[in-house]
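Q: Take a look at start.csv, CSV, C-alpha atoms:
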chain,number,residue,atom,x,y,z
A,1,MET,CA,-42.7,-59.7,20.6
A,2,SER,CA,-40.9,-56.8,19.3
A,3,GLU,CA,-39.1,-56.9,16.0
A,4,PRO,CA,-35.4,-57.6,16.2
A,5,VAL,CA,-33.3,-54.5,15.7
A,6,GLU,CA,-30.8,-54.7,12.9
A,7,GLN,CA,-27.3,-53.6,13.8
A,8,ALA,CA,-24.5,-52.7,11.5
A,9,ALA,CA,-21.8,-55.2,11.4
A,10,VAL,CA,-18.7,-54.0,13.1
A,11,ALA,CA,-15.4,-55.7,12.2
A,12,VAL,CA,-13.6,-56.8,15.3
A,13,PRO,CA,-9.9,-56.8,14.9
A,14,PRO,CA,-7.8,-59.7,16.2
A,15,SER,CA,-6.5,-59.4,19.7
A,16,GLY,CA,-3.7,-56.8,20.0
A,17,LEU,CA,-4.6,-55.0,16.8
A,18,SER,CA,-6.5,-51.8,16.3
A,19,LEU,CA,-8.3,-50.6,13.2
A,20,PRO,CA,-7.3,-47.1,11.9
A,21,VAL,CA,-10.0,-44.5,12.4
A,22,PHE,CA,-10.7,-42.5,9.3
A,23,SER,CA,-12.2,-39.1,9.6
A,24,PRO,CA,-13.8,-37.4,6.6
A,25,VAL,CA,-11.6,-35.0,4.9
A,26,VAL,CA,-13.3,-31.7,3.9
A,27,ALA,CA,-11.5,-30.0,1.1
A,28,PRO,CA,-11.1,-26.2,1.6
A,29,PRO,CA,-13.0,-24.0,-0.9
A,30,SER,CA,-11.2,-23.6,-4.2
A,31,LEU,CA,-9.9,-20.2,-5.3
A,32,PRO,CA,-12.8,-19.5,-7.7
A,33,ARG,CA,-15.3,-20.2,-5.0
A,34,ARG,CA,-13.5,-18.0,-2.5
A,35,LEU,CA,-13.3,-15.2,-5.0
A,36,ALA,CA,-17.0,-15.5,-5.7
A,37,LEU,CA,-17.7,-15.4,-1.9
A,38,VAL,CA,-15.5,-12.3,-1.6
A,39,ALA,CA,-17.2,-10.6,-4.5
A,40,GLY,CA,-20.7,-11.3,-3.1
A,41,ALA,CA,-19.7,-10.2,0.4
A,42,SER,CA,-18.1,-7.0,-1.1
A,43,LEU,CA,-21.4,-6.1,-2.9
A,44,ALA,CA,-23.4,-6.7,0.2
A,45,TRP,CA,-20.9,-4.6,2.2
A,46,LEU,CA,-21.3,-1.7,-0.2
A,47,VAL,CA,-25.1,-1.8,-0.2
A,48,VAL,CA,-25.3,-1.9,3.6
A,49,TYR,CA,-22.6,0.9,4.0
A,50,LEU,CA,-24.5,3.3,1.6
A,51,SER,CA,-27.8,2.7,3.4
A,52,LEU,CA,-26.5,3.5,6.9
A,53,PRO,CA,-27.4,7.2,7.1
A,54,ALA,CA,-31.1,6.6,6.2
A,55,ALA,CA,-31.3,3.5,8.4
A,56,ALA,CA,-29.9,5.3,11.4
A,57,ALA,CA,-32.3,8.2,10.9
A,58,TRP,CA,-35.3,5.9,10.5
A,59,LEU,CA,-34.4,3.9,13.6
A,60,THR,CA,-33.9,7.0,15.7
A,61,HIS,CA,-36.9,9.1,14.6
A,62,GLY,CA,-39.2,6.5,13.0
A,63,LEU,CA,-38.9,3.4,15.2
A,64,LEU,CA,-37.8,5.0,18.5
A,65,ARG,CA,-39.9,8.1,17.8
A,66,LEU,CA,-37.3,10.5,19.2
A,67,PRO,CA,-37.6,14.2,18.3
A,68,ALA,CA,-35.7,15.6,15.3
A,69,SER,CA,-33.4,17.6,17.6
A,70,GLY,CA,-32.2,17.2,21.2
A,71,HIS,CA,-29.3,15.7,23.1
A,72,LEU,CA,-30.7,12.2,23.3
A,73,SER,CA,-31.6,12.1,19.6
A,74,GLU,CA,-28.2,13.3,18.5
A,75,ALA,CA,-26.5,10.7,20.8
A,76,VAL,CA,-28.7,7.8,19.7
A,77,GLU,CA,-28.4,8.6,16.0
A,78,PHE,CA,-24.6,8.9,16.3
A,79,PHE,CA,-24.4,5.5,18.0
A,80,LEU,CA,-26.8,3.8,15.6
A,81,TYR,CA,-24.9,5.2,12.6
A,82,ASP,CA,-21.3,4.9,13.8
A,83,THR,CA,-21.5,1.4,15.2
A,84,PRO,CA,-22.3,-0.5,12.0
A,85,LYS,CA,-20.2,2.0,10.0
A,86,VAL,CA,-17.0,1.4,12.0
A,87,LEU,CA,-17.7,-2.3,12.2
A,88,LEU,CA,-18.0,-2.5,8.4
A,89,LEU,CA,-14.8,-0.5,7.9
A,90,LEU,CA,-13.1,-2.7,10.5
A,91,VAL,CA,-14.0,-5.9,8.7
A,92,ALA,CA,-12.8,-4.6,5.4
A,93,VAL,CA,-9.6,-3.3,6.8
A,94,VAL,CA,-8.8,-6.4,8.8
A,95,TYR,CA,-9.5,-8.6,5.8
A,96,ALA,CA,-7.2,-6.6,3.6
A,97,VAL,CA,-4.5,-6.5,6.3
A,98,GLY,CA,-4.9,-10.2,6.9
A,99,ILE,CA,-3.8,-10.8,3.3
A,100,VAL,CA,-0.8,-8.5,3.7
A,101,HIS,CA,0.1,-10.4,6.9
A,102,THR,CA,0.6,-13.6,4.9
A,103,PHE,CA,3.5,-11.9,3.2
A,104,VAL,CA,5.0,-10.0,6.1
A,105,THR,CA,5.3,-11.9,9.4
A,106,PRO,CA,7.2,-11.0,12.6
A,107,GLU,CA,9.8,-13.7,11.8
A,108,ARG,CA,10.4,-12.3,8.3
A,109,THR,CA,10.6,-8.8,9.7
A,110,ARG,CA,13.2,-9.9,12.2
A,111,ALA,CA,15.2,-11.5,9.5
A,112,LEU,CA,15.0,-8.4,7.3
A,113,LEU,CA,16.2,-6.1,10.2
A,114,ALA,CA,18.9,-8.4,11.5
A,115,GLY,CA,22.4,-7.2,10.5
A,116,LYS,CA,21.1,-4.0,8.9
A,117,ARG,CA,23.1,-0.9,9.5
A,118,GLU,CA,21.3,1.6,11.7
A,119,ALA,CA,21.0,4.3,9.1
A,120,ALA,CA,18.9,1.9,6.9
A,121,GLY,CA,17.4,0.0,9.8
A,122,TYR,CA,15.4,2.9,11.3
A,123,PRO,CA,13.2,3.8,8.3
A,124,LEU,CA,12.8,0.1,7.4
A,125,ALA,CA,11.8,-0.8,11.0
A,126,ALA,CA,9.2,2.1,11.0
A,127,ALA,CA,7.7,1.0,7.7
A,128,LEU,CA,7.6,-2.7,8.6
A,129,GLY,CA,6.0,-1.7,12.0
A,130,VAL,CA,2.9,-0.5,10.1
A,131,VAL,CA,2.2,-3.8,8.3
A,132,THR,CA,3.4,-6.3,10.8
A,133,PRO,CA,0.9,-7.9,13.2
A,134,PHE,CA,1.6,-6.7,16.7
A,135,CYS,CA,-0.2,-6.2,20.0
A,136,SER,CA,0.9,-5.4,23.6
A,137,CYS,CA,1.0,-9.1,24.6
A,138,SER,CA,3.7,-9.8,21.9
A,139,ALA,CA,6.0,-6.9,23.0
A,140,VAL,CA,8.3,-9.1,25.1
A,141,PRO,CA,8.8,-12.1,22.7
A,142,LEU,CA,9.3,-9.7,19.8
A,143,PHE,CA,11.9,-7.7,21.7
A,144,ILE,CA,13.8,-10.8,22.7
A,145,GLY,CA,13.7,-12.2,19.2
A,146,PHE,CA,14.9,-8.9,17.6
A,147,VAL,CA,17.7,-8.3,20.1
A,148,THR,CA,19.0,-11.9,20.0
A,149,ALA,CA,18.9,-11.9,16.2
A,150,GLY,CA,21.3,-9.0,16.2
A,151,VAL,CA,18.9,-6.1,15.5
A,152,PRO,CA,20.4,-2.9,17.1
A,153,LEU,CA,18.5,-1.7,20.2
A,154,GLY,CA,17.5,1.6,18.6
A,155,VAL,CA,16.1,-0.1,15.5
A,156,THR,CA,14.2,-2.6,17.8
A,157,PHE,CA,12.6,0.3,19.6
A,158,THR,CA,11.7,2.0,16.4
A,159,PHE,CA,9.7,-1.1,15.4
A,160,LEU,CA,8.2,-1.5,18.8
A,161,ILE,CA,7.0,2.1,18.8
A,162,ALA,CA,5.8,2.2,15.2
A,163,ALA,CA,3.9,-1.1,15.2
A,164,PRO,CA,1.2,-0.2,17.8
A,165,MET,CA,1.3,3.6,17.2
A,166,VAL,CA,0.9,3.6,13.4
A,167,ASN,CA,-1.8,1.0,13.5
A,168,GLU,CA,-3.0,0.0,10.0
A,169,VAL,CA,-6.6,-0.4,11.3
A,170,ALA,CA,-6.5,3.1,12.8
A,171,LEU,CA,-5.0,4.4,9.6
A,172,VAL,CA,-7.7,3.1,7.3
A,173,LEU,CA,-10.5,4.0,9.8
A,174,LEU,CA,-9.2,7.6,10.0
A,175,LEU,CA,-9.1,7.6,6.2
A,176,GLY,CA,-12.7,6.5,5.9
A,177,LEU,CA,-14.0,8.8,8.7
A,178,PHE,CA,-11.9,12.0,8.1
A,179,GLY,CA,-10.3,11.7,4.7
A,180,TRP,CA,-6.7,11.6,3.5
A,181,ARG,CA,-5.5,14.8,5.3
A,182,VAL,CA,-6.0,13.5,8.9
A,183,ALA,CA,-4.9,10.0,8.0
A,184,GLY,CA,-1.8,11.3,6.3
A,185,LEU,CA,-0.9,13.5,9.3
A,186,TYR,CA,-1.3,10.5,11.6
A,187,LEU,CA,0.9,8.3,9.4
A,188,VAL,CA,3.7,10.8,8.9
A,189,THR,CA,3.9,12.0,12.4
A,190,GLY,CA,3.6,8.5,13.9
A,191,LEU,CA,6.5,7.3,11.7
A,192,ALA,CA,8.5,10.4,12.6
A,193,VAL,CA,8.0,9.9,16.3
A,194,ALA,CA,9.0,6.2,16.0
A,195,THR,CA,12.0,6.8,13.9
A,196,ILE,CA,13.4,9.7,15.9
A,197,ALA,CA,12.7,8.1,19.3
A,198,GLY,CA,14.4,4.9,18.2
A,199,ALA,CA,17.4,6.8,16.9
A,200,ILE,CA,17.7,8.7,20.2
A,201,ILE,CA,17.6,5.5,22.3
A,202,GLY,CA,20.1,3.9,19.9
A,203,ARG,CA,22.5,6.9,20.3
A,204,LEU,CA,22.3,6.6,24.1
A,205,ARG,CA,23.9,3.1,24.0
A,206,MET,CA,21.7,1.7,26.8
A,207,GLU,CA,22.3,-2.0,26.1
A,208,ASN,CA,23.4,-2.3,29.7
A,209,SER,CA,19.8,-1.3,30.7
A,210,VAL,CA,18.4,-4.5,29.1
A,211,GLU,CA,18.0,-7.4,31.5
A,212,ASP,CA,21.0,-9.6,31.3
A,213,TRP,CA,19.1,-12.8,30.5
A,214,VAL,CA,17.7,-11.4,27.3
A,215,PHE,CA,21.2,-11.4,25.6
A,216,ARG,CA,21.7,-15.0,26.8
A,217,ALA,CA,18.4,-16.1,25.2
A,218,ARG,CA,18.7,-17.9,21.9
A,219,ALA,CA,16.8,-16.4,19.0
A,220,LYS,CA,14.0,-18.6,17.7
A,221,SER,CA,15.0,-20.0,14.4
A,222,GLU,CA,12.6,-19.5,11.5
A,223,LEU,CA,11.6,-22.8,10.0
A,224,PRO,CA,11.3,-22.8,6.3
A,225,GLY,CA,7.7,-23.3,5.2
A,226,SER,CA,5.8,-23.5,2.0
A,227,THR,CA,4.4,-20.4,0.5
A,228,PRO,CA,0.6,-20.3,0.9
A,229,THR,CA,-1.6,-20.3,-2.2
A,230,TRP,CA,-4.0,-17.4,-2.9
A,231,ALA,CA,-6.9,-19.6,-1.8
A,232,GLU,CA,-5.1,-20.2,1.5
A,233,ARG,CA,-4.3,-16.4,1.8
A,234,LEU,CA,-8.0,-15.6,1.5
A,235,GLY,CA,-8.8,-18.2,4.0
A,236,LEU,CA,-6.3,-16.8,6.5
A,237,ALA,CA,-7.7,-13.3,5.9
A,238,THR,CA,-11.2,-14.6,6.8
A,239,GLN,CA,-9.8,-16.3,9.9
A,240,SER,CA,-8.1,-13.0,10.8
A,241,VAL,CA,-11.5,-11.2,10.6
A,242,ARG,CA,-13.0,-13.6,13.0
A,243,GLU,CA,-10.2,-13.4,15.5
A,244,VAL,CA,-9.6,-9.6,15.4
A,245,VAL,CA,-13.2,-8.5,15.3
A,246,GLY,CA,-14.0,-11.0,17.9
A,247,LYS,CA,-11.4,-9.4,20.2
A,248,VAL,CA,-12.1,-5.7,19.6
A,249,TRP,CA,-15.8,-5.4,19.0
A,250,LEU,CA,-16.5,-4.7,22.7
A,251,TYR,CA,-13.9,-2.0,22.9
A,252,LEU,CA,-15.2,-0.6,19.6
A,253,ILE,CA,-18.8,-0.3,20.9
A,254,ALA,CA,-17.6,1.2,24.2
A,255,GLY,CA,-15.6,3.8,22.3
A,256,ILE,CA,-18.6,4.6,20.1
A,257,ALA,CA,-20.8,4.9,23.2
A,258,VAL,CA,-18.4,7.4,24.7
A,259,GLY,CA,-18.2,9.3,21.4
A,260,ALA,CA,-22.1,9.3,21.2
A,261,LEU,CA,-22.3,10.9,24.7
A,262,ILE,CA,-19.7,13.5,23.8
A,263,HIS,CA,-21.5,14.2,20.5
A,264,GLY,CA,-24.9,14.5,22.1
A,265,TYR,CA,-24.3,16.1,25.5
A,266,VAL,CA,-20.9,17.9,25.6
A,267,PRO,CA,-21.3,21.5,24.5
A,268,SER,CA,-19.0,22.5,21.7
A,269,ASP,CA,-17.8,25.7,23.5
A,270,PHE,CA,-16.7,23.6,26.5
A,271,MET,CA,-14.7,21.1,24.4
A,272,ALA,CA,-13.2,23.9,22.3
A,273,SER,CA,-12.0,25.6,25.5
A,274,PHE,CA,-10.8,22.4,27.1
A,275,MET,CA,-9.0,20.9,24.1
A,276,GLY,CA,-8.6,23.9,21.9
A,277,ARG,CA,-5.5,25.5,20.4
A,278,SER,CA,-5.4,28.3,23.0
A,279,SER,CA,-5.1,26.0,26.0
A,280,TRP,CA,-1.3,25.4,26.3
A,281,TRP,CA,-1.9,22.7,28.9
A,282,ALA,CA,-4.4,20.7,26.8
A,283,VAL,CA,-1.7,18.7,24.9
A,284,PRO,CA,0.2,17.4,28.0
A,285,LEU,CA,-3.1,16.8,29.7
A,286,ALA,CA,-4.4,14.8,26.8
A,287,VAL,CA,-1.2,12.7,26.8
A,288,LEU,CA,-1.5,12.0,30.6
A,289,VAL,CA,-5.1,11.1,30.2
A,290,GLY,CA,-4.4,8.8,27.3
A,291,ILE,CA,-1.5,6.7,28.8
A,292,PRO,CA,-3.5,4.7,31.4
A,293,ILE,CA,-6.5,4.1,29.0
A,294,TYR,CA,-6.3,0.5,27.8
A,295,SER,CA,-7.9,0.5,24.4
A,296,ASN,CA,-7.0,-0.5,20.8
A,297,ALA,CA,-7.0,1.7,17.8
A,298,ALA,CA,-10.5,0.7,16.7
A,299,GLY,CA,-11.9,1.7,20.1
A,300,VAL,CA,-10.3,5.1,20.3
A,301,VAL,CA,-11.1,6.3,16.7
A,302,PRO,CA,-14.8,7.0,17.4
A,303,VAL,CA,-13.8,9.0,20.5
A,304,VAL,CA,-11.4,11.0,18.3
A,305,GLN,CA,-14.3,11.6,15.8
A,306,ALA,CA,-16.6,13.0,18.5
A,307,LEU,CA,-13.8,15.2,19.9
A,308,LEU,CA,-13.0,16.7,16.6
A,309,ALA,CA,-16.7,17.3,15.8
A,310,LYS,CA,-17.1,19.2,19.0
A,311,GLY,CA,-14.3,21.6,18.2
A,312,ALA,CA,-11.2,20.0,19.8
A,313,ALA,CA,-7.9,20.9,18.2
A,314,LEU,CA,-6.5,18.3,15.8
A,315,GLY,CA,-3.0,18.3,17.4
A,316,THR,CA,-4.5,17.8,20.9
A,317,VAL,CA,-6.6,14.9,19.6
A,318,LEU,CA,-3.8,13.3,17.7
A,319,ALA,CA,-1.6,13.5,20.9
A,320,PHE,CA,-4.4,11.8,22.9
A,321,MET,CA,-4.8,9.0,20.3
A,322,MET,CA,-1.0,8.4,20.1
A,323,ALA,CA,-0.7,8.3,23.8
A,324,VAL,CA,-3.5,5.7,24.1
A,325,ILE,CA,-2.1,3.3,21.5
A,326,GLY,CA,1.6,4.3,21.6
A,327,LEU,CA,2.3,4.5,25.3
A,328,SER,CA,0.0,1.7,26.4
A,329,LEU,CA,0.3,1.0,30.1
A,330,PRO,CA,-0.1,-2.8,29.6
A,331,GLU,CA,2.8,-2.8,27.1
A,332,THR,CA,5.0,-0.8,29.4
A,333,ILE,CA,4.3,-3.2,32.2
A,334,LEU,CA,5.2,-6.2,30.0
A,335,LEU,CA,8.4,-4.5,28.8
A,336,ARG,CA,9.6,-4.4,32.4
A,337,LYS,CA,10.3,-8.1,32.0
A,338,VAL,CA,13.1,-7.3,29.6
A,339,LEU,CA,14.0,-3.7,30.4
A,340,LYS,CA,15.5,-2.1,33.5
A,341,PRO,CA,13.6,0.8,35.0
A,342,LYS,CA,16.1,3.4,33.6
A,343,LEU,CA,15.5,2.3,30.0
A,344,ILE,CA,11.7,2.2,30.5
A,345,ALA,CA,11.8,5.8,31.8
A,346,VAL,CA,13.9,6.9,28.8
A,347,PHE,CA,11.4,5.1,26.5
A,348,ILE,CA,8.4,6.9,28.0
A,349,ALA,CA,10.2,10.3,28.1
A,350,VAL,CA,11.4,10.2,24.5
A,351,VAL,CA,8.1,8.9,23.0
A,352,GLY,CA,6.1,11.2,25.2
A,353,THR,CA,8.1,14.2,24.2
A,354,GLY,CA,7.7,13.3,20.5
A,355,ILE,CA,3.9,13.0,21.0
A,356,LEU,CA,3.8,16.4,22.8
A,357,LEU,CA,5.7,18.0,19.9
A,358,VAL,CA,3.3,16.5,17.4
A,359,GLY,CA,0.4,18.0,19.3
A,360,TYR,CA,1.9,21.5,19.6
A,361,LEU,CA,3.1,21.5,16.0
A,362,PHE,CA,-0.3,20.7,14.4
A,363,ASN,CA,-2.1,23.0,16.8
A,364,ALA,CA,0.2,25.8,15.6
A,365,ILE,CA,0.0,25.2,11.9
A,366,LEU,CA,-3.6,24.0,11.4
Mind turning this structure into C-alpha cells?
A:
Amino acid sequence: MSEPVEQAAVAVPPSGLSLPVFSPVVAPPSLPRRLALVAGASLAWLVVYLSLPAAAAWLTHGLLRLPASGHLSEAVEFFLYDTPKVLLLLVAVVYAVGIVHTFVTPERTRALLAGKREAAGYPLAAALGVVTPFCSCSAVPLFIGFVTAGVPLGVTFTFLIAAPMVNEVALVLLLGLFGWRVAGLYLVTGLAVATIAGAIIGRLRMENSVEDWVFRARAKSELPGSTPTWAERLGLATQSVREVVGKVWLYLIAGIAVGALIHGYVPSDFMASFMGRSSWWAVPLAVLVGIPIYSNAAGVVPVVQALLAKGAALGTVLAFMMAVIGLSLPETILLRKVLKPKLIAVFIAVVGTGILLVGYLFNAIL
C-alpha cells in the first residue's frame, strides 16, 4: 500500500461566506537601492560606450575577417559601431527625459497654456513642446484638450509642431553624434519654425476650420494627484526606457542599416551633387521625400549621420529630418478627425515653407 499523502488543511468558510485572498505585497526598491543601481548601470554604460570602436573593428576584421577597406567592410563596421552606440545614447536620453516627464505632463502643459495671452503663449508652447511626451497617436486628444481648455488655436499649433519636430531624443542624439553646433541649429530652427508657423495660423483666425464637435467637447479635468517621490520618479524613468526603447528599436536598426548602406556604397561625389548646396532643388526634394516616411527621431538620426558624412549639405539634411518628424503623414491623417481640409492644407503649407527656409538658410551660410 502506498503511503497516505499529507495535505495542507484548508479552512472551509461557512456557507455564503468567502475568505479574503491575500497576495504578497512586494515593496518597491528604496531610493538608496535605486541610486546604487543607477550608479552601477551608469558605470557599465560608460565602459561599454568607450569600448565600441575597438569592438566594432575587431568584429568586422577579426571575427568576420573582412578586408581593411572596401564597401562591405565600411558598411558592416558602420552598422556594428552605430547600432550599440545609438542604442546606448537612446537609453540614457530616454531615462533622463523620463525623469523630466514626471514633472511636465500633457495635463500640466495644457493648464499652463490655458488662458495665456498669445504673445506669451507662443514661446512657452514651443519650449514646453520640447519636454512634453508626445507622439503622432496623441495628436487628436491633445488638440481637443488644448482647444476646449481655452488655449488659442495658434498657440495649440505651436505646441503640436514643436513637440514632434524638436524631439528631445533627436536633440541629444544629435549632440552625441555631431556636437553642440548641429544640435543647437536643430533646436533653434525647430523652435523658430514652430513659433512662427503657430503665430501665422493664429493670425489667420481659422477657428471655423476646426470641426464643430471639437468645441462642443468638454475638456478633461485634471484630477489632483500626489507628487511622486524620487524613488518613484526613478522607477517611472526605468519603465519609460522599457516602453520607448521597446517601441523604437526596430526603426532604429532599420535607420542604421540604411545609413550603413549609404556610408559603404553611395559615392561621396554622387551624394554631394544630389544633396549639395549647389542643387537648388535638393531642399524641396528632401522635404517631399521626408513627408511620407514614417519614422521617429531615433530612426532618422543615423540616416542623417550617413548623409552628412557623404557630403550632403547640412541645410538639406536638416530639412529632410524636420519633414520626417515634423510633417509626419500619420499625424496629418489623424488631425483630419479634428481639422477641416482647409486648415490642414494651411498647416502643411506654413510648416513646409518654414522647413524650406531653414534648409536654404543654412545651405547659404554654412
Q: Work out how far apart atom CA of Tyr265 of chain A and atom CA of His71 of chain A are and give it in Å to one decimal.
A: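 Atom CA of Tyr265 of chain A sits 5.6 Å away from atom CA of His71 of chain A.
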Q: For the point (-1.4, 5.0, 23.0) in file coordinates, what residues are within 9 Å, counting all atoms listed in the file? Give the answer as a list in words?
A: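 Residues with an atom close enough to that point: Pro164, Met165, Val287, Gly290, Ile291, Pro292, Ile293, Tyr294, Ser295, Asn296, Ala297, Ala319, Phe320, Met321, Met322, Ala323, Val324, Ile325, Gly326, Leu327, Ser328 and Leu329 of chain A.
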Q: Export, as a PDB file, keeping the file's coordinate frame, the selected residues with C-alpha atoms.
A:
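And here's selection09.pdb as it stands now:
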ATOM      1  CA  PRO A 164       1.200  -0.200  17.800  1.00  0.00           C
ATOM      2  CA  MET A 165       1.300   3.600  17.200  1.00  0.00           C
ATOM      3  CA  VAL A 287      -1.200  12.700  26.800  1.00  0.00           C
ATOM      4  CA  GLY A 290      -4.400   8.800  27.300  1.00  0.00           C
ATOM      5  CA  ILE A 291      -1.500   6.700  28.800  1.00  0.00           C
ATOM      6  CA  PRO A 292      -3.500   4.700  31.400  1.00  0.00           C
ATOM      7  CA  ILE A 293      -6.500   4.100  29.000  1.00  0.00           C
ATOM      8  CA  TYR A 294      -6.300   0.500  27.800  1.00  0.00           C
ATOM      9  CA  SER A 295      -7.900   0.500  24.400  1.00  0.00           C
ATOM     10  CA  ASN A 296      -7.000  -0.500  20.800  1.00  0.00           C
ATOM     11  CA  ALA A 297      -7.000   1.700  17.800  1.00  0.00           C
ATOM     12  CA  ALA A 319      -1.600  13.500  20.900  1.00  0.00           C
ATOM     13  CA  PHE A 320      -4.400  11.800  22.900  1.00  0.00           C
ATOM     14  CA  MET A 321      -4.800   9.000  20.300  1.00  0.00           C
ATOM     15  CA  MET A 322      -1.000   8.400  20.100  1.00  0.00           C
ATOM     16  CA  ALA A 323      -0.700   8.300  23.800  1.00  0.00           C
ATOM     17  CA  VAL A 324      -3.500   5.700  24.100  1.00  0.00           C
ATOM     18  CA  ILE A 325      -2.100   3.300  21.500  1.00  0.00           C
ATOM     19  CA  GLY A 326       1.600   4.300  21.600  1.00  0.00           C
ATOM     20  CA  LEU A 327       2.300   4.500  25.300  1.00  0.00           C
ATOM     21  CA  SER A 328       0.000   1.700  26.400  1.00  0.00           C
ATOM     22  CA  LEU A 329       0.300   1.000  30.100  1.00  0.00           C
TER      23      LEU A 329
END
Q: Taking 3 positions as the minimum chain separation for residues in the same chain, which residues sit within 12 Å of Leu59 of chain A when counting only C-alpha atoms? Answer as a list in words.
A: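 That gives Leu52, Pro53, Ala54, Ala55, Ala56, Gly62, Leu63, Leu64, Arg65, Leu66, Pro67, Ala68, Ser73, Val76, Glu77, Phe78, Phe79, Leu80 and Tyr81 of chain A.
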Q: May I ask for the distance between atom CA of Ala194 of chain A and atom CA of Val346 of chain A, given in Å to one decimal place?
A: 13.7 Å
Q: Of the residues A:Ala231, A:Val338, A:Leu308, A:Val301, which is the one nearest to Leu37 of chain A, using all atoms listed in the file?
A: A:Ala231
Q: Which of these residues is nearest to Val86 of chain A, using only C-alpha atoms: A:Ala163, A:Leu177, A:Ile344, A:Leu142?
A: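 Of the candidates, the smallest distance to Val86 of chain A is held by A:Leu177.
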Q: Could you tell me how far atom CA of Val283 of chain A lies from atom CA of Leu128 of chain A, in Å and to one decimal?
A: 28.5 Å
Q: Please, which residues are within 10 Å of (-2.3, 8.3, 6.9) by the file's coordinates, counting only C-alpha atoms, and could they come as a VMD selection string?
A: chain A and resid 166 to 168 170 to 175 179 to 190
Q: Between A:Ala309, A:Ala127, A:Leu335, A:Leu43, which is the closest to Phe178 of chain A once you count only C-alpha atoms?
A: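 Smallest distance to Phe178 of chain A is found for A:Ala309.
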Q: Between A:Ile99, A:Ala257, A:Ile144, A:Met275, which is the closest to Thr83 of chain A once you count all atoms listed in the file?
A: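 Closest residue, counting all atoms listed in the file: A:Ala257.
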Q: Return the single residue from A:Arg336, A:Arg108, A:Lys342, A:Lys247 that is closest to Glu207 of chain A, with distances computed using all atoms listed in the file.
A: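 Result for the nearest residue to Glu207 of chain A: A:Lys342.
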